[in-house]
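Beneath this line is the structure, given in structure tokens, with notes to follow.
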Amino acid sequence: MTLAPDHKPTFANLSLTDRLGKAMPVILVPILIVLGFVAIGAPSSWLTLTVSGLAMGMMIFIMASGLTLVFGLMDVINFGHGAFISVGAFVGVSVLIALGDWTGAASLLLNMAAILLAVVAAMAVTGALGWGFERVIVKPVYGAHLKQILVTVGGLIVIEQLIYVIWGPDEIFINRPEMLKGAVTFAGAAMEKYRLLAVGIGLVLFIAMRMVLRRTKIGLIVRAGVENGPMVEALGYRLRIVFVGVFIAGSALAGLGGVMWGLYQEVITAGMGEEMMVLVFIVVIIGGLGSVEGAFIGALLVGLLQNYIAFLEPKLALVSNIALMTAILMWRPQGMLPVVKAK
Amino acid sequence: MSEPILSLRGLHTDIAQYHILQGVDLEVPRGQVTMLLGRNGVGKTTTLKSIMGQWSAKSGQILYDGQDITRLPVSTRARAGIGFVPEDMGIFRDLTVEENMVLGCTTGPLDPARKDWLLSAFPALGTFWHSEAGNLSGGQKQMLSIARAMVEERKLYLIDEPTKGLAPAIVSTMAQALRELKAQGASILLVEQNFSVARALGDSAAVMDDGRVTWTGEMAELAANKDLQERLMGLSMETH
């Protein structure tokens, strides 16, 4: 005997407007690229700027992805996230300097091995630092946003000062590995090799992160935890352990972003993470707090817009990201792809 | 008589400045459906949340299956075999029905036989298996919430108003599902405002007032005694 009521539920067909409304954030990136093409006119300049914008967006996404999950999962606002970007950059660059023979060799294999070691070292150090930061600074202030802001900003300052103590007060200029210098030419457009690498790494990371979040049990727990943490615990999962894991992973990703950003700019400073946090927060807010997909789209929009505007109207580049955030929040006050939190 | 699956002894719980539970004493016998009844605001939901650990008990003792769980974390209580269906259903709206069910499995993958049984009980869940749970109707969400709690065998189920706001056809579905659960030997502590459901399902009953249990006994005894109902709850079951 069936226990169900005698009815046959069906799906309602969504109207075109509803369907477009849901997909609109995803469509925004290609729309912006097309608009960029129309506004710039010259295909070669447009292609160069687009690759540059995508590379910048990917790097910002790598730095922002951990922060948005940390906020979504435990409602923690971590202003100290920028410290992991700086530390990652300094550790990575120190490894690259130590491996000067490898980075200076005209061998792609040796160059990539040096970058890989630098990235592994940076992620290991920032992951461990993130673990300590969570235990000492974040854990005592769960549920208290004002205290979180104060102590995490304090943590950021302390770590920045420690960078001055360890590496000195001067900015460090770096050379990219030999085989990543210069550009490749395609359809008359010059595209820096390093930017192409950054786009590739960013894409691979985004796909991997999405696979973990969508296809694995731990990803399922994280997504459910972002939406309704108490219920996840009532099902038998220790959300605190999951959160610590996400915090460590997010810190390590910030470290990776720091190394990549340092190589992109070819100079690193103790304050670089703090400076990047403005862009990172813009991305997290316009993407929708707690949404990795939203952060990805937001980062690409920020990167592309900044590059297009800097070319078209350099003075406006200073306000382009704030204008983007204002426009998106007026359209969707919760961000583009917000996670609906349980009451 | 065997030891009860759950005993509350002098349980006190505060929420902010409010002293909600003021010394709850309650026993839930094994393999029975115990109804927790009472007017709105007397502490029924707080009692369930205190048992589950979502509200920390200020004092008193919670004994589950012979073990003191008063200070254990929520997840440990759940893993010890307590299934919880909260009043707000606790559905993950952005996850599919399948993903919600998979999350209910804490000891291993979704058992196909168990899945078949649940989908025969709640066929609508099969229809919407790959849809986001946020798109389900209220009744379907409630089915999902209960099915998720039942997806693995538990010793004790805490269920908070599963029929609230549901159409009569779905209420009978819920009631039948709970009967089947009981037939499998599970113990259930059920908060329910629908007295016809309470009367049909309950073996024993506890009535709360002002943060305390003021009466315990057989459900049949309470259902048969109109004066007792009016004295304990201020109204008669006949009026529902």
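Following the order of the structure tokens, first chain is A, next is B, and so on, with residues numbered from 1 inside each chain and ligands from 1 in the order they appear.
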Problem - Spatial neighbours of region 62-64 of chain B, 10 Å, only C-alpha atoms, chain gap at least 3 places, as a list in words - result: Pro4, Ile5, Leu6, Ser7, Leu8, Arg9, Gly10, Leu11, Asp25, Leu26, Glu27, Val28, Ser50, Ile51, Met52, Gly53, Ala57, Ser59, Gln67, Asp68, Ile69, Thr70, Arg71, Arg77, Ala80, Gly81, Ile82, Lys155 and Leu156 of chain B
Exercise for the section: Compile the contact shell of Ser44 (chain A) as a PyMOL selection string: residues with an atom at most 8 Å away, counting only C-alpha atoms, same-chain residues fewer than 6 positions apart removed. Expected result: chain A and resi 187-190
Writer output for current selection, N, CA, C and O atoms, as a PDB file, in the first residue's frame:
ATOM      1  N   ALA A 187      46.650  36.265 -33.572  1.00  0.00           N
ATOM      2  CA  ALA A 187      45.776  37.168 -34.335  1.00  0.00           C
ATOM      3  C   ALA A 187      46.183  38.628 -34.130  1.00  0.00           C
ATOM      4  O   ALA A 187      45.320  39.501 -33.926  1.00  0.00           O
ATOM      5  N   GLY A 188      47.464  38.843 -34.085  1.00  0.00           N
ATOM      6  CA  GLY A 188      47.976  40.203 -33.951  1.00  0.00           C
ATOM      7  C   GLY A 188      47.966  40.727 -32.533  1.00  0.00           C
ATOM      8  O   GLY A 188      48.411  41.848 -32.267  1.00  0.00           O
ATOM      9  N   ALA A 189      47.491  39.920 -31.595  1.00  0.00           N
ATOM     10  CA  ALA A 189      47.416  40.371 -30.195  1.00  0.00           C
ATOM     11  C   ALA A 189      48.547  39.746 -29.395  1.00  0.00           C
ATOM     12  O   ALA A 189      48.794  38.534 -29.506  1.00  0.00           O
ATOM     13  N   ALA A 190      49.206  40.568 -28.583  1.00  0.00           N
ATOM     14  CA  ALA A 190      50.264  40.048 -27.726  1.00  0.00           C
ATOM     15  C   ALA A 190      49.659  39.662 -26.378  1.00  0.00           C
ATOM     16  O   ALA A 190      48.998  40.476 -25.733  1.00  0.00           O
TER      17      ALA A 190
END
Practice task
List every residue of region 89-229 of chain B that DSSP, applied to the backbone of this structure, places in alpha helix (DSSP H), and write the result as a VMD selection string.
Solution key: chain B and resid 97 to 103 112 to 121 123 to 127 138 to 150 168 to 183 195 to 201 219 to 224 226 to 229
Handout entry: Selection near Gly31 (chain B), 10 Å with only C-alpha atoms, sequence-local residues under 2 positions removed, as a list of chain:residue names
Key =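 With the cut-off at 10 Å, the set is B:Pro4, B:Ile5, B:Val28, B:Pro29, B:Val33, B:Thr34, B:Lys155, B:Leu156, B:Leu181, B:Lys182, B:Ala183, B:Gln184, B:Gly185, B:Ala186, B:Ser187, B:Ile188, B:Asp203.
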The selected residues should be written to file as a PDB file, in the first residue's frame (atoms: C-alpha atoms).
ATOM      1  CA  PRO B   4      13.197   3.985  28.994  1.00  0.00           C
ATOM      2  CA  ILE B   5      15.135   5.071  25.908  1.00  0.00           C
ATOM      3  CA  VAL B  28      10.080   8.029  26.788  1.00  0.00           C
ATOM      4  CA  PRO B  29       9.519   4.252  26.794  1.00  0.00           C
ATOM      5  CA  VAL B  33       5.179   6.815  20.460  1.00  0.00           C
ATOM      6  CA  THR B  34       5.119   9.381  23.249  1.00  0.00           C
ATOM      7  CA  LYS B 155      16.767   4.461  18.063  1.00  0.00           C
ATOM      8  CA  LEU B 156      14.872   7.616  18.903  1.00  0.00           C
ATOM      9  CA  LEU B 181       8.567   3.577  11.832  1.00  0.00           C
ATOM     10  CA  LYS B 182       7.130   2.478  15.146  1.00  0.00           C
ATOM     11  CA  ALA B 183       6.481  -0.999  13.752  1.00  0.00           C
ATOM     12  CA  GLN B 184      10.220  -1.235  13.063  1.00  0.00           C
ATOM     13  CA  GLY B 185      10.845  -0.792  16.778  1.00  0.00           C
ATOM     14  CA  ALA B 186      11.811   2.886  16.865  1.00  0.00           C
ATOM     15  CA  SER B 187      10.892   5.107  19.794  1.00  0.00           C
ATOM     16  CA  ILE B 188       9.306   8.440  18.946  1.00  0.00           C
ATOM     17  CA  ASP B 203       0.858   5.168  23.151  1.00  0.00           C
TER      18      ASP B 203
END
Problem - Selection near region 46-49 of chain A, 9 Å with only C-alpha atoms, sequence-local residues under 5 positions removed, as a list of chain:residue names - result: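 Once the adjacent positions are removed, what remains is A:Ile33, A:Gly36, A:Phe37, A:Ile40, A:Gly41, A:Leu54, A:Phe186, A:Ala187, A:Ala189, A:Ala190, A:Met191, A:Glu192, A:Leu304, A:Asn307, A:Tyr308, A:Phe311.
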Selection from above, C-alpha atoms, as a tab-separated table (two decimals), in the first residue's frame, can you write it?
chain	number	residue	atom	x	y	z
A	33	ILE	CA	33.35	40.79	-23.14
A	36	GLY	CA	34.34	45.48	-24.45
A	37	PHE	CA	34.83	44.40	-28.04
A	40	ILE	CA	37.50	49.00	-27.91
A	41	GLY	CA	37.12	48.36	-31.60
A	54	LEU	CA	40.55	37.14	-17.14
A	186	PHE	CA	47.83	35.41	-31.66
A	187	ALA	CA	45.78	37.17	-34.33
A	189	ALA	CA	47.42	40.37	-30.19
A	190	ALA	CA	50.26	40.05	-27.73
A	191	MET	CA	49.32	37.91	-24.72
A	192	GLU	CA	51.75	37.60	-21.84
A	304	LEU	CA	37.64	42.51	-17.13
A	307	ASN	CA	41.24	46.34	-17.76
A	308	TYR	CA	38.71	47.63	-20.30
A	311	PHE	CA	42.30	51.29	-21.61
Practice task
Return the single residue from A:Leu35, A:Leu318, A:Met231, A:Val151 that is closest to chain B, with distances computed using only C-alpha atoms.
Solution key: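 Once distances to chain B are computed over only C-alpha atoms, the minimum belongs to A:Met231.
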Practice task
State, in Å with one decimal place, the distance from CA of Asp75 (chain A) to CA of Ile137 (chain A).
Solution key: 14.8 Å
For the interface of chain B with chain A (cut-off 6 Å, counting only C-alpha atoms), please tabulate each contacting residue of chain B alongside its nearest pair of atoms and their separation in Å to one decimal, rows sorted by chain and increasing number, as a Markdown table.
| residue | atom | partner | partner_atom | distance |
| --- | --- | --- | --- | --- |
| B:Val74 | CA | A:Ala234 | CA | 5.8 |
| B:Ser75 | CA | A:Gly236 | CA | 4.0 |
| B:Ala78 | CA | A:Gly236 | CA | 4.7 |
| B:Arg79 | CA | A:Gly236 | CA | 5.1 |
| B:Gly90 | CA | A:Met231 | CA | 5.9 |
| B:Ser120 | CA | A:Thr2 | CA | 6.0 |
| B:Ala121 | CA | A:Leu3 | CA | 4.7 |
| B:Phe122 | CA | A:Ala4 | CA | 5.4 |
| B:Ala169 | CA | A:Pro5 | CA | 5.3 |
| B:Ile170 | CA | A:Pro5 | CA | 5.8 |
| B:Thr173 | CA | A:Leu3 | CA | 4.9 |
Near-Val244 (chain A) list (9 Å; only C-alpha atoms; drop same-chain fewer than 5 positions) as a JSON list (two decimals) with C-alpha atoms, in the first residue's frame:
[["chain", "number", "residue", "atom", "x", "y", "z"],
["A", 130, "GLY", "CA", 45.47, 29.93, 8.92],
["A", 131, "TRP", "CA", 45.05, 27.04, 11.35],
["A", 134, "GLU", "CA", 41.58, 30.40, 13.50],
["A", 135, "ARG", "CA", 42.42, 28.85, 16.86],
["A", 239, "LEU", "CA", 30.70, 21.38, 11.51],
["A", 249, "ALA", "CA", 42.10, 25.59, 2.65]]
Problem - Distance criterion (only C-alpha atoms): nearest to Val119 (chain A) out of A:Ala98, A:Ile77, A:Val153, A:Val259 - result: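 Closest to Val119 (chain A), using only C-alpha atoms: A:Val259.
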Handout entry: Distance query region 20-29 of chain A at most 12 Å, only C-alpha atoms, self and fewer than 3 positions along chain excluded, as an MDAnalysis selection string
Key = chainID A and resid 14:17 32:36 50 53:54 57 286:288 293:305 324 328 331:332 335:338
Problem - Residue among B:Asp94, B:Ser2, B:Ala147, B:Met35 lying closest to Gly217 (chain B), counting only C-alpha atoms - result: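 Comparing B:Asp94, B:Ser2, B:Ala147, B:Met35 against Gly217 (chain B), the winner is B:Met35.
Distances here use only C-alpha atoms; by that measure, the residue among B:Gly66, B:Pro86, B:Trp55, B:Glu152 closest to Ile15 (chain B) is B:Trp55.
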Handout entry: Distance query His145 (chain A) at most 8 Å, only C-alpha atoms, self and fewer than 4 positions along chain excluded, as a list in words
Key =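 Once the nearby chain positions are removed, what remains is Val76, Ile77, Val141 and Ile149 of chain A.
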